[in-house]
>>> print(open('protein02.txt').read())   # compact mmCIF, C-alpha atoms and all ligand atoms
# COMPACT_ATOMS: atom_id res chain seq x y z
CA MET U 25 -8.37 29.35 -1.33
CA GLY U 26 -7.77 25.58 -1.12
CA VAL U 27 -7.31 23.68 2.14
CA LEU U 28 -3.58 23.22 1.53
CA GLU U 29 -3.08 27.00 1.17
CA LYS U 30 -5.12 27.64 4.30
CA ILE U 31 -2.97 25.16 6.22
CA GLN U 32 0.18 26.81 4.95
CA GLN U 33 -1.09 30.24 5.87
CA ILE U 34 -1.85 29.16 9.44
CA GLN U 35 1.51 27.44 9.77
CA GLU U 36 3.25 30.61 8.64
CA GLU U 37 1.26 32.71 11.05
CA LEU U 38 2.05 30.31 13.91
CA ALA U 39 5.74 30.47 13.03
CA ARG U 40 5.88 34.27 13.17
CA THR U 41 3.70 34.71 16.27
CA GLN U 42 5.72 35.07 19.45
CA LYS U 43 4.60 32.84 22.29
CA ASN U 44 3.59 34.77 25.36
CA LYS U 45 0.65 35.34 27.69
CA ALA U 46 -0.88 37.94 25.34
CA THR U 47 -0.82 35.67 22.24
CA GLU U 48 -1.83 32.46 24.02
CA TYR U 49 -5.49 32.80 23.01
CA HIS U 50 -4.71 33.60 19.38
CA ILE U 51 -2.23 30.69 19.10
CA GLY U 52 -4.76 28.29 20.62
CA LEU U 53 -7.36 29.32 18.07
CA LEU U 54 -4.90 28.90 15.20
CA LYS U 55 -4.00 25.40 16.41
CA GLY U 56 -7.69 24.49 16.51
CA LYS U 57 -8.18 25.72 12.94
CA LEU U 58 -5.07 23.88 11.77
CA ALA U 59 -6.36 20.59 13.20
CA ARG U 60 -9.73 21.19 11.51
CA TYR U 61 -8.22 21.82 8.07
CA ARG U 62 -5.82 18.87 8.43
CA GLN U 63 -8.80 16.65 9.15
CA GLN U 64 -10.54 17.92 6.00
CA LEU U 65 -7.45 17.08 4.02
CA LEU U 66 -7.36 13.53 5.35
CA GLU U 67 -11.01 12.80 4.78
CA PRO U 68 -11.51 11.15 1.41
CA PRO U 69 -13.72 13.20 -0.94
CA PRO U 70 -17.39 12.14 -0.89
CA GLY U 71 -17.95 8.99 -2.89
CA ALA U 72 -14.32 7.89 -2.79
CA SER U 73 -13.48 4.62 -1.08
CA SER U 74 -11.81 4.99 2.29
CA SER U 75 -9.52 2.00 1.81
CA PRO U 76 -5.80 2.81 1.80
CA GLY U 77 -5.44 1.57 -1.78
CA THR U 78 -6.14 -1.55 -3.72
CA GLY U 79 -3.95 -4.48 -2.92
CA PHE U 80 -2.38 -2.69 0.00
CA GLU U 81 -4.60 -3.42 2.92
CA VAL U 82 -3.79 -6.69 4.68
CA SER U 83 -6.53 -8.29 6.67
CA LYS U 84 -5.94 -8.40 10.40
CA SER U 85 -5.15 -11.80 11.74
CA GLY U 86 -3.83 -13.25 14.96
CA ASP U 87 -4.07 -11.77 18.43
CA ALA U 88 -2.45 -8.39 17.75
CA ARG U 89 -0.90 -6.33 14.96
CA VAL U 90 2.50 -4.62 14.95
CA ALA U 91 3.45 -2.22 12.11
CA LEU U 92 7.05 -1.54 10.99
CA ILE U 93 7.40 2.13 10.10
CA GLY U 94 10.58 3.82 8.96
CA PHE U 95 12.62 5.51 6.26
CA PRO U 96 13.78 3.41 3.30
CA SER U 97 16.59 0.90 3.88
CA VAL U 98 16.71 1.05 7.67
CA GLY U 99 16.21 -2.73 7.87
CA LYS U 100 12.44 -3.24 8.29
CA SER U 101 12.30 -6.22 5.93
CA SER U 102 15.49 -7.64 7.44
CA PHE U 103 13.81 -7.61 10.85
CA LEU U 104 10.63 -9.29 9.54
CA GLY U 105 12.80 -12.07 8.12
CA LYS U 106 14.52 -12.53 11.50
CA ILE U 107 11.40 -13.04 13.59
CA THR U 108 8.92 -14.66 11.18
CA SER U 109 9.11 -17.24 8.43
CA THR U 110 7.93 -14.66 5.87
CA LYS U 111 10.51 -13.49 3.38
CA SER U 112 10.19 -9.86 2.38
CA GLU U 113 12.85 -8.79 -0.09
CA VAL U 114 15.95 -7.18 1.43
CA ALA U 115 18.26 -5.02 -0.68
CA GLN U 116 20.65 -2.12 -0.51
CA TYR U 117 18.51 0.21 -2.58
CA SER U 118 15.63 2.29 -1.20
CA PHE U 119 11.98 1.37 -1.76
CA THR U 120 12.69 -2.34 -2.09
CA THR U 121 9.40 -3.05 -0.34
CA LEU U 122 6.51 -1.58 -2.34
CA THR U 123 3.52 -3.00 -0.57
CA SER U 124 2.57 -4.31 2.86
CA VAL U 125 3.92 -7.73 3.73
CA PRO U 126 2.44 -9.51 6.76
CA GLY U 127 4.27 -12.16 8.76
CA VAL U 128 3.40 -14.03 11.94
CA LEU U 129 5.47 -14.03 15.10
CA GLN U 130 4.63 -16.93 17.42
CA TYR U 131 5.38 -16.06 21.01
CA GLU U 132 4.10 -17.28 24.38
CA GLY U 133 1.13 -18.94 22.71
CA ALA U 134 0.18 -15.76 20.86
CA GLU U 135 0.13 -15.15 17.13
CA ILE U 136 1.32 -11.62 16.55
CA GLN U 137 0.95 -10.20 13.06
CA ILE U 138 3.99 -8.19 12.02
CA VAL U 139 3.38 -5.95 9.00
CA ASP U 140 6.41 -4.91 6.95
CA LEU U 141 5.72 -1.67 5.07
CA PRO U 142 7.33 0.44 2.35
CA GLY U 143 9.76 3.08 3.57
CA ILE U 144 8.21 6.49 4.11
CA ILE U 145 9.71 9.90 3.55
CA LYS U 146 9.06 13.43 4.68
CA GLY U 147 5.65 14.52 3.38
CA ALA U 148 4.27 10.98 3.56
CA SER U 149 1.10 12.09 5.32
CA GLU U 150 0.39 14.48 2.44
CA GLY U 151 0.65 11.65 -0.04
CA LYS U 152 4.36 11.54 -0.95
CA GLY U 153 5.42 8.06 -2.08
CA ARG U 154 3.30 5.32 -0.55
CA GLY U 155 2.99 7.48 2.54
CA ARG U 156 -0.78 7.71 2.71
CA GLN U 157 -1.22 3.94 2.65
CA VAL U 158 1.56 3.38 5.15
CA VAL U 159 0.17 5.80 7.72
CA ALA U 160 -3.33 4.39 7.18
CA THR U 161 -1.98 0.94 8.06
CA ALA U 162 -0.13 2.36 11.05
CA LYS U 163 -3.45 3.57 12.47
CA THR U 164 -4.75 0.00 12.58
CA ALA U 165 -1.79 -1.31 14.59
CA ASP U 166 -1.81 -2.24 18.26
CA LEU U 167 1.86 -1.27 18.47
CA ILE U 168 4.17 0.66 16.15
CA LEU U 169 7.84 -0.20 15.75
CA MET U 170 9.55 2.89 14.46
CA VAL U 171 12.64 1.43 12.83
CA LEU U 172 15.56 3.87 12.69
CA ASP U 173 19.09 3.70 11.34
CA ALA U 174 21.57 4.12 14.21
CA THR U 175 24.15 5.52 11.79
CA LYS U 176 21.88 8.44 10.83
CA GLY U 177 21.09 11.64 12.72
CA SER U 178 18.40 12.10 15.32
CA ASP U 179 16.18 14.23 13.07
CA GLN U 180 14.87 11.08 11.28
CA ARG U 181 12.89 10.21 14.37
CA GLN U 182 11.41 13.70 14.66
CA ILE U 183 10.37 13.79 11.00
CA LEU U 184 8.57 10.45 11.32
CA GLU U 185 6.92 11.46 14.58
CA ARG U 186 5.55 14.59 12.87
CA GLU U 187 4.22 12.58 9.93
CA LEU U 188 2.33 10.23 12.25
CA GLU U 189 1.24 13.10 14.48
CA SER U 190 -0.27 14.97 11.56
CA VAL U 191 -2.61 12.08 10.69
CA GLY U 192 -3.88 11.88 14.25
CA ILE U 193 -1.63 9.15 15.65
CA ARG U 194 -0.48 9.84 19.22
CA LEU U 195 2.52 7.78 20.25
CA ASN U 196 2.98 6.52 23.81
CA LYS U 197 0.35 8.89 25.04
CA SER U 198 -2.94 8.22 26.77
CA LYS U 199 -6.22 9.90 25.97
CA PRO U 200 -6.39 13.36 27.58
CA ASN U 201 -8.30 13.31 30.82
CA ILE U 202 -11.12 15.52 29.59
CA SER U 203 -14.78 14.62 29.47
CA PHE U 204 -16.44 16.21 26.44
CA LYS U 205 -20.07 15.77 25.43
CA VAL U 206 -21.78 17.58 22.56
CA LYS U 207 -25.37 18.50 23.43
CA GLN U 208 -28.47 19.68 21.56
CA ASN U 209 -28.87 22.82 23.69
CA GLY U 210 -27.79 24.47 26.92
CA GLY U 211 -24.73 26.32 25.63
CA ILE U 212 -21.12 25.56 26.55
CA LYS U 213 -20.66 24.40 30.14
CA PHE U 214 -17.05 24.48 31.25
CA SER U 215 -15.84 23.00 34.51
CA SER U 216 -12.69 21.51 35.99
CA THR U 217 -11.65 19.49 39.03
CA ASN U 218 -8.64 21.81 39.53
CA PRO U 219 -8.06 25.11 37.73
CA PRO U 220 -6.38 24.12 34.43
CA ARG U 221 -2.96 25.72 33.95
CA TYR U 222 -2.96 25.94 30.15
CA LEU U 223 -6.64 26.21 29.27
CA ASN U 224 -9.50 28.55 30.04
CA GLU U 225 -13.17 28.78 29.27
CA LYS U 226 -12.86 31.66 26.80
CA LEU U 227 -10.27 29.85 24.67
CA CYS U 228 -12.20 26.55 24.66
CA GLN U 229 -15.36 28.39 23.68
CA ALA U 230 -13.65 30.19 20.80
CA ILE U 231 -12.16 26.93 19.48
CA LEU U 232 -15.55 25.22 19.66
CA ARG U 233 -17.20 28.13 17.85
CA ASP U 234 -14.73 27.59 15.01
CA TYR U 235 -15.88 23.95 14.91
CA ARG U 236 -19.53 25.16 14.86
CA ILE U 237 -20.14 23.49 18.23
CA HIS U 238 -22.39 25.69 20.39
CA ASN U 239 -23.66 23.27 23.03
CA ALA U 240 -21.35 20.98 24.98
CA ASP U 241 -20.34 19.91 28.49
CA ILE U 242 -16.60 20.09 29.14
CA LEU U 243 -14.97 18.75 32.29
CA ILE U 244 -11.18 19.13 32.54
CA ARG U 245 -10.08 16.43 34.97
CA ASP U 246 -6.35 17.09 34.83
CA ASP U 247 -4.89 20.57 35.39
CA SER U 248 -1.96 19.86 33.04
CA CYS U 249 -4.18 19.44 29.93
CA THR U 250 -2.98 21.61 27.05
CA VAL U 251 -4.81 23.24 24.15
CA GLU U 252 -3.51 20.40 21.93
CA ASP U 253 -5.16 17.91 24.29
CA PHE U 254 -8.44 19.81 24.09
CA ILE U 255 -8.30 19.88 20.27
CA ASP U 256 -7.58 16.12 20.27
CA VAL U 257 -10.66 15.53 22.39
CA ILE U 258 -12.87 17.50 19.98
CA ASN U 259 -11.47 15.35 17.15
CA GLU U 260 -11.45 12.13 19.15
CA ASN U 261 -12.94 10.00 16.36
CA HIS U 262 -9.81 10.71 14.34
CA ARG U 263 -7.23 10.17 17.06
CA HIS U 264 -5.37 6.92 17.62
CA TYR U 265 -3.42 6.41 20.83
CA ILE U 266 -0.84 3.77 19.97
CA GLY U 267 2.25 2.50 21.79
CA CYS U 268 5.57 2.89 19.99
CA ILE U 269 8.98 1.30 20.40
CA TYR U 270 11.86 3.22 18.82
CA VAL U 271 14.10 0.55 17.30
CA TYR U 272 17.61 1.59 16.28
CA ASN U 273 19.02 -0.96 13.83
CA LYS U 274 22.58 -1.29 12.42
CA ILE U 275 24.31 -0.77 15.77
CA ASP U 276 27.15 -2.90 14.36
CA ALA U 277 28.12 0.19 12.37
CA VAL U 278 28.37 2.75 15.21
CA ALA U 279 30.67 3.27 18.20
CA LEU U 280 29.82 1.52 21.45
CA GLU U 281 29.46 4.82 23.33
CA GLU U 282 26.85 5.94 20.82
CA VAL U 283 24.94 2.66 21.17
CA ASP U 284 25.00 3.06 24.93
CA ARG U 285 23.66 6.62 24.67
CA ILE U 286 20.79 5.65 22.33
CA ALA U 287 19.82 2.61 24.41
CA ARG U 288 19.18 4.82 27.42
CA GLU U 289 16.48 6.87 25.66
CA PRO U 290 12.91 6.09 26.79
CA ASN U 291 10.91 3.47 24.83
CA THR U 292 14.04 2.61 22.87
CA VAL U 293 15.64 -0.69 21.85
CA VAL U 294 18.86 -1.16 19.87
CA MET U 295 19.63 -4.05 17.51
CA SER U 296 21.62 -5.32 14.59
CA CYS U 297 19.83 -7.59 12.16
CA GLU U 298 23.12 -8.27 10.44
CA MET U 299 24.95 -9.36 13.59
CA ASN U 300 21.89 -10.89 15.29
CA LEU U 301 22.14 -8.54 18.26
CA GLY U 302 19.18 -7.51 20.42
CA ILE U 303 16.55 -9.35 18.34
CA GLN U 304 15.28 -11.54 21.18
CA ASP U 305 15.20 -8.59 23.60
CA LEU U 306 13.05 -6.70 21.12
CA VAL U 307 10.65 -9.63 20.76
CA GLU U 308 10.27 -9.68 24.55
CA GLU U 309 9.68 -5.93 24.59
CA ILE U 310 7.00 -6.29 21.86
CA TRP U 311 5.25 -8.93 23.96
CA TYR U 312 5.49 -6.79 27.07
CA ARG U 313 4.15 -3.65 25.32
CA LEU U 314 1.19 -5.50 23.79
CA HIS U 315 -0.11 -6.33 27.29
CA MET U 316 -1.61 -9.60 26.12
CA THR U 317 -3.44 -11.80 28.59
CA ARG U 318 -2.74 -15.55 28.66
CA LEU U 319 -5.51 -17.77 29.94
CA TYR U 320 -5.45 -21.47 30.66
CA THR U 321 -8.77 -23.07 29.89
CA LYS U 322 -9.89 -25.99 31.98
CA ARG U 323 -12.53 -28.63 31.45
CA ARG U 324 -14.31 -30.22 34.39
CA GLY U 325 -12.20 -32.91 36.04
CA VAL U 326 -9.20 -32.28 33.79
CA SER U 327 -6.17 -30.11 34.68
CA PRO U 328 -5.48 -27.19 32.36
CA ASN U 329 -2.77 -27.47 29.74
CA PHE U 330 -0.24 -24.88 30.88
CA ASN U 331 1.75 -25.27 27.67
CA ASP U 332 -1.05 -24.04 25.45
CA PRO U 333 -2.54 -20.76 26.69
CA MET U 334 -5.38 -18.96 25.00
CA VAL U 335 -4.41 -15.35 24.30
CA VAL U 336 -6.76 -12.37 24.56
CA ARG U 337 -6.26 -8.63 24.74
CA GLN U 338 -5.66 -6.65 27.91
CA ASN U 339 -8.81 -5.86 29.93
CA SER U 340 -10.77 -8.65 28.28
CA THR U 341 -13.90 -9.97 29.95
CA ILE U 342 -15.35 -13.48 30.07
CA GLU U 343 -17.62 -12.30 27.23
CA ASP U 344 -14.55 -11.54 25.07
CA VAL U 345 -13.20 -14.98 25.95
CA CYS U 346 -16.45 -16.62 24.81
CA ASN U 347 -16.41 -14.60 21.58
CA SER U 348 -12.89 -15.64 20.78
CA ILE U 349 -13.79 -19.32 21.26
CA HIS U 350 -16.74 -19.14 18.87
CA LYS U 351 -19.09 -16.37 17.78
CA ASP U 352 -22.17 -18.24 19.06
CA PHE U 353 -20.57 -19.63 22.20
CA LYS U 354 -22.06 -16.93 24.40
CA SER U 355 -25.60 -18.23 23.83
CA GLN U 356 -24.66 -21.47 25.64
CA PHE U 357 -22.92 -19.72 28.52
CA LYS U 358 -24.14 -20.43 32.06
CA TYR U 359 -21.27 -19.21 34.26
CA ALA U 360 -17.49 -19.29 34.46
CA LEU U 361 -15.18 -20.51 37.21
CA VAL U 362 -12.02 -18.43 37.50
CA TRP U 363 -8.82 -19.18 39.43
CA GLY U 364 -6.02 -16.59 39.61
CA SER U 365 -5.36 -12.96 40.45
CA SER U 366 -8.68 -11.66 39.06
CA ALA U 367 -10.64 -14.00 41.35
CA LYS U 368 -11.66 -12.91 44.87
CA HIS U 369 -11.60 -16.55 46.01
CA SER U 370 -10.56 -19.71 44.19
CA PRO U 371 -12.47 -20.50 42.15
CA GLN U 372 -14.80 -17.54 41.78
CA LYS U 373 -18.10 -18.05 40.00
CA CYS U 374 -18.33 -15.22 37.42
CA GLY U 375 -20.64 -13.78 34.80
CA LEU U 376 -19.86 -12.44 31.33
CA GLY U 377 -18.71 -9.03 32.63
CA HIS U 378 -15.84 -10.36 34.78
CA LYS U 379 -12.42 -9.00 33.74
CA VAL U 380 -9.72 -11.65 33.51
CA HIS U 381 -6.02 -11.22 34.36
CA ASP U 382 -2.88 -12.62 32.75
CA GLN U 383 -2.34 -16.31 33.70
CA ASP U 384 -5.84 -16.90 35.08
CA VAL U 385 -7.36 -20.37 34.76
CA VAL U 386 -10.87 -20.27 33.29
CA SER U 387 -13.50 -22.96 33.13
CA ILE U 388 -16.69 -22.14 31.25
CA VAL U 389 -19.83 -24.00 32.21
CA THR U 390 -22.42 -24.19 29.44
CA LYS U 391 -26.18 -24.75 29.54
N1 LIG V 1 25.17 -2.82 8.72
C1 LIG V 1 23.94 -3.29 8.78
N2 LIG V 1 23.20 -3.36 7.66
C2 LIG V 1 21.95 -3.85 7.76
C3 LIG V 1 21.40 -4.28 9.00
N3 LIG V 1 20.13 -4.68 8.79
C4 LIG V 1 19.90 -4.52 7.47
N4 LIG V 1 20.99 -4.02 6.84
C5 LIG V 1 21.14 -3.73 5.40
O1 LIG V 1 20.36 -2.57 5.09
C6 LIG V 1 19.86 -2.65 3.75
C7 LIG V 1 18.37 -2.40 3.74
O2 LIG V 1 17.69 -3.45 4.40
P1 LIG V 1 16.15 -3.73 4.17
O3 LIG V 1 15.75 -4.78 5.15
O4 LIG V 1 15.87 -3.96 2.74
O5 LIG V 1 15.54 -2.32 4.60
P2 LIG V 1 14.03 -1.80 4.50
O6 LIG V 1 13.86 -0.86 5.63
O7 LIG V 1 13.09 -2.93 4.41
O8 LIG V 1 14.08 -0.99 3.12
P3 LIG V 1 12.87 -0.55 2.12
O9 LIG V 1 11.97 -1.71 1.91
O10 LIG V 1 13.59 -0.18 0.88
O11 LIG V 1 12.21 0.59 2.76
C8 LIG V 1 20.26 -4.04 3.25
O12 LIG V 1 21.40 -3.90 2.43
C9 LIG V 1 20.55 -4.82 4.51
O13 LIG V 1 21.48 -5.86 4.29
C10 LIG V 1 22.23 -4.20 10.17
O14 LIG V 1 21.86 -4.56 11.29
N5 LIG V 1 23.48 -3.69 9.98
K K V 2 15.98 -1.58 1.09
MG MG V 3 11.70 -3.38 3.00
>>> encode(input="protein02.txt", output="structure tokens")
Amino acid sequence: MGVLEKIQQIQEELARTQKNKATEYHIGLLKGKLARYRQQLLEPPPGASSSPGTGFEVSKSGDARVALIGFPSVGKSSFLGKITSTKSEVAQYSFTTLTSVPGVLQYEGAEIQIVDLPGIIKGASEGKGRGRQVVATAKTADLILMVLDATKGSDQRQILERELESVGIRLNKSKPNISFKVKQNGGIKFSSTNPPRYLNEKLCQAILRDYRIHNADILIRDDSCTVEDFIDVINENHRHYIGCIYVYNKIDAVALEEVDRIAREPNTVVMSCEMNLGIQDLVEEIWYRLHMTRLYTKRRGVSPNFNDPMVVRQNSTIEDVCNSIHKDFKSQFKYALVWGSSAKHSPQKCGLGHKVHDQDVVSIVTK
């Protein structure tokens, strides 16, 4: 039996199994198997290249990457044209965009790469249309904009969420609070800080056995962890925890009450590319969700230029700052002086490991 048939068989069994205390264990095991087979399906056959397809991959550039994901003709290319100087063809017909088209959004001193992508359809993760390539690009993004058509039903969002979910992308979710270490020997050691409500040792052991893992230390640090969370932790190399903004476009074509209802949903922004509504708010939301850190660099005896920040990722250290100046800069590093909220006193003399905060002033002293 092929992997696809096995997946289908498990899905059918899951659908007909009633959820209750007695079947909990069985369902957990099935979910573990399903994740294992899905992973097999996604892994390219030995010898094949792992790239998402020739001519498709765009190289990462700038300080962060945002991917536009959505069904055909929801207005992804229209949005790219609004916020960058890149022109990606816009038309009424579906599948106008056939490859990835990168543009650059300049904002608050940052260069944010915005990648316009072909529309995806149900079954994308299994290879329908350009789906495989699109979801592979989505995995590399720092933020996903799920572009939706406000005139269409709410199931579009669910279908897309499932497609991304099935390739290991977890939207607006943080890594489960479980420590998991595979060992050479010693068997399975299961412990928890508080008794987990949805997991138990027997179930975790059975799932691990199915993965041929016989020695591991498991510590459940959060009592609300589910079996899905545990399976994600076993497969952590194939999981991507990415922020997502749900963007409803074409609000010019729906009633005001409907717009108001949609706009109140969590992580949601409404806009109209055609009427130029909500575009700037969305740009601000993108900036906010990327959690970029702006630093003002200062040379000795000269005040920093507050109009030209240097932009680094959230939780960056002085070492990251050095690396983004020049790849060999670190070798000349002596110490850094830091003013701002990350500094205990102003200025604080810091080493490479110091974590900087947004709007800090940094002066690097070289040898
Ligand atoms: N009413 C309305 N139409 C819009 C809006 N934004 C885009 N459109 C129209 O929607 C159609 C599709 O726009 P595109 O930008 O090509 O959509 P896309 O998502 O890039 O489409 P594909 O590349 O085919 O997946 C075009 O006819 C646009 O003019 C909007 O805010 N309101
Ligand atoms: K289109
Ligand atoms: Mg397009």
>>> closest_atom_pairs(input="protein02.txt", of="chain U", to="ligand K 2 (chain V)", cutoff="8 Å", atoms="only C-alpha atoms and all ligand atoms", output="JSON lines")
{"residue": "U:Pro96", "atom": "CA", "partner": "V:K2", "partner_atom": "K", "distance": 5.9}
{"residue": "U:Ser97", "atom": "CA", "partner": "V:K2", "partner_atom": "K", "distance": 3.8}
{"residue": "U:Val98", "atom": "CA", "partner": "V:K2", "partner_atom": "K", "distance": 7.1}
{"residue": "U:Gly99", "atom": "CA", "partner": "V:K2", "partner_atom": "K", "distance": 6.9}
{"residue": "U:Ser101", "atom": "CA", "partner": "V:K2", "partner_atom": "K", "distance": 7.6}
{"residue": "U:Glu113", "atom": "CA", "partner": "V:K2", "partner_atom": "K", "distance": 7.9}
{"residue": "U:Val114", "atom": "CA", "partner": "V:K2", "partner_atom": "K", "distance": 5.6}
{"residue": "U:Ala115", "atom": "CA", "partner": "V:K2", "partner_atom": "K", "distance": 4.5}
{"residue": "U:Gln116", "atom": "CA", "partner": "V:K2", "partner_atom": "K", "distance": 5.0}
{"residue": "U:Tyr117", "atom": "CA", "partner": "V:K2", "partner_atom": "K", "distance": 4.8}
{"residue": "U:Ser118", "atom": "CA", "partner": "V:K2", "partner_atom": "K", "distance": 4.5}
{"residue": "U:Phe119", "atom": "CA", "partner": "V:K2", "partner_atom": "K", "distance": 5.7}
{"residue": "U:Thr120", "atom": "CA", "partner": "V:K2", "partner_atom": "K", "distance": 4.6}
{"residue": "U:Thr121", "atom": "CA", "partner": "V:K2", "partner_atom": "K", "distance": 6.9}
>>> write_last_selection(input="protein02.txt", atoms="C-alpha atoms", output="PDB file, keeping the file's coordinate frame")
ATOM      1  CA  PRO U  96      13.780   3.410   3.300  1.00  0.00           C
ATOM      2  CA  SER U  97      16.590   0.900   3.880  1.00  0.00           C
ATOM      3  CA  VAL U  98      16.710   1.050   7.670  1.00  0.00           C
ATOM      4  CA  GLY U  99      16.210  -2.730   7.870  1.00  0.00           C
ATOM      5  CA  SER U 101      12.300  -6.220   5.930  1.00  0.00           C
ATOM      6  CA  GLU U 113      12.850  -8.790  -0.090  1.00  0.00           C
ATOM      7  CA  VAL U 114      15.950  -7.180   1.430  1.00  0.00           C
ATOM      8  CA  ALA U 115      18.260  -5.020  -0.680  1.00  0.00           C
ATOM      9  CA  GLN U 116      20.650  -2.120  -0.510  1.00  0.00           C
ATOM     10  CA  TYR U 117      18.510   0.210  -2.580  1.00  0.00           C
ATOM     11  CA  SER U 118      15.630   2.290  -1.200  1.00  0.00           C
ATOM     12  CA  PHE U 119      11.980   1.370  -1.760  1.00  0.00           C
ATOM     13  CA  THR U 120      12.690  -2.340  -2.090  1.00  0.00           C
ATOM     14  CA  THR U 121       9.400  -3.050  -0.340  1.00  0.00           C
TER      15      THR U 121
END
>>> atom_distance(input="protein02.txt", atom1="CA of Asp241 (chain U)", atom2="CA of Cys228 (chain U)")
11.2 Å
>>> atom_distance(input="protein02.txt", atom1="CA of Ile193 (chain U)", atom2="CA of Val125 (chain U)")
21.4 Å
>>> closest_residue(input="protein02.txt", among="U:Glu252, U:Glu289, U:Glu309, U:Asp247", to="Ser216 (chain U)", atoms="all atoms listed in the file")
U:Asp247
>>> closest_atom_pairs(input="protein02.txt", of="chain U", to="ligand LIG 1 (chain V)", cutoff="10 Å", atoms="only C-alpha atoms and all ligand atoms", output="CSV")
residue,atom,partner,partner_atom,distance
U:Leu92,CA,V:LIG1,O6,8.7
U:Ile93,CA,V:LIG1,O6,8.4
U:Gly94,CA,V:LIG1,O6,6.6
U:Phe95,CA,V:LIG1,O11,6.1
U:Pro96,CA,V:LIG1,O11,3.3
U:Ser97,CA,V:LIG1,O8,3.2
U:Val98,CA,V:LIG1,O6,4.0
U:Gly99,CA,V:LIG1,O5,3.4
U:Lys100,CA,V:LIG1,O6,3.8
U:Ser101,CA,V:LIG1,O7,3.7
U:Ser102,CA,V:LIG1,O3,3.7
U:Phe103,CA,V:LIG1,O3,6.7
U:Leu104,CA,V:LIG1,O3,8.1
U:Gly105,CA,V:LIG1,O3,8.4
U:Ser112,CA,V:LIG1,O7,7.8
U:Glu113,CA,V:LIG1,O4,6.4
U:Val114,CA,V:LIG1,O4,3.5
U:Ala115,CA,V:LIG1,O4,4.3
U:Gln116,CA,V:LIG1,O12,3.5
U:Tyr117,CA,V:LIG1,O10,6.0
U:Ser118,CA,V:LIG1,O10,3.8
U:Phe119,CA,V:LIG1,O10,3.5
U:Thr120,CA,V:LIG1,O10,3.8
U:Thr121,CA,V:LIG1,O9,3.7
U:Leu122,CA,V:LIG1,O9,6.9
U:Thr123,CA,V:LIG1,O9,8.9
U:Ser124,CA,V:LIG1,O9,9.8
U:Asp140,CA,V:LIG1,O7,7.4
U:Leu141,CA,V:LIG1,O9,7.0
U:Pro142,CA,V:LIG1,O11,4.9
U:Gly143,CA,V:LIG1,O11,3.6
U:Ile144,CA,V:LIG1,O11,7.3
U:Ile145,CA,V:LIG1,O11,9.7
U:Val171,CA,V:LIG1,O6,7.7
U:Leu172,CA,V:LIG1,O6,8.7
U:Asp173,CA,V:LIG1,C10,8.6
U:Ala174,CA,V:LIG1,N5,9.1
U:Thr175,CA,V:LIG1,N1,8.9
U:Tyr272,CA,V:LIG1,O14,9.0
U:Asn273,CA,V:LIG1,O14,5.2
U:Lys274,CA,V:LIG1,O14,3.5
U:Ile275,CA,V:LIG1,O14,6.4
U:Asp276,CA,V:LIG1,N5,5.8
U:Ala277,CA,V:LIG1,N1,5.6
U:Val278,CA,V:LIG1,N1,9.1
U:Val294,CA,V:LIG1,O14,9.7
U:Met295,CA,V:LIG1,O14,6.6
U:Ser296,CA,V:LIG1,O14,3.4
U:Cys297,CA,V:LIG1,O14,3.7
U:Glu298,CA,V:LIG1,O14,4.0
U:Met299,CA,V:LIG1,O14,6.2
U:Asn300,CA,V:LIG1,O14,7.5
U:Leu301,CA,V:LIG1,O14,8.0
U:Gly302,CA,V:LIG1,O14,10.0
>>> closest_residue(input="protein02.txt", among="U:Ile286, U:Val362, U:Ala39, U:Val139", to="ligand MG 3 (chain V)", atoms="only C-alpha atoms and all ligand atoms")
U:Val139
>>> closest_residue(input="protein02.txt", among="U:Glu48, U:Leu232, U:Val206, U:Lys111", to="ligand MG 3 (chain V)", atoms="only C-alpha atoms and all ligand atoms")
U:Lys111
>>> closest_residue(input="protein02.txt", among="U:Pro290, U:Gly364, U:Gly151, U:Gly26", to="Gln64 (chain U)", atoms="only C-alpha atoms")
U:Gly26
>>> residues_around(input="protein02.txt", residues="Val159 (chain U)", least_positions_apart="4", cutoff="12 Å", atoms="all atoms listed in the file", output="PyMOL selection string")
chain U and resi 66+75-77+80-81+91-94+124+141-145+147-155+163-165+168+170+184-193+264
>>> residues_around(input="protein02.txt", residues="Asn259 (chain U)", least_positions_apart="3", cutoff="12 Å", atoms="all atoms listed in the file", output="PyMOL selection string")
chain U and resi 56-64+191-193+199-200+204-206+231-232+235+237+252-256+262-264
>>> build_atoms(input="protein02.txt", residues="region 126-130 of chain U", atoms="N, CA and C atoms", output="short mmCIF file (atom, residue, chain, number, x, y, z; two decimals), in the frame of the given file")
data_model
loop_
_atom_site.label_atom_id
_atom_site.label_comp_id
_atom_site.auth_asym_id
_atom_site.auth_seq_id
_atom_site.Cartn_x
_atom_site.Cartn_y
_atom_site.Cartn_z
N PRO U 126 2.68 -9.04 5.39
CA PRO U 126 2.44 -9.51 6.76
C PRO U 126 3.18 -10.81 7.07
N GLY U 127 3.67 -10.91 8.29
CA GLY U 127 4.27 -12.16 8.76
C GLY U 127 3.69 -12.47 10.13
N VAL U 128 3.94 -13.66 10.63
CA VAL U 128 3.40 -14.03 11.94
C VAL U 128 4.53 -14.39 12.90
N LEU U 129 4.53 -13.71 14.04
CA LEU U 129 5.47 -14.03 15.10
C LEU U 129 4.74 -14.87 16.14
N GLN U 130 5.24 -16.07 16.40
CA GLN U 130 4.63 -16.93 17.42
C GLN U 130 5.39 -16.70 18.71
#
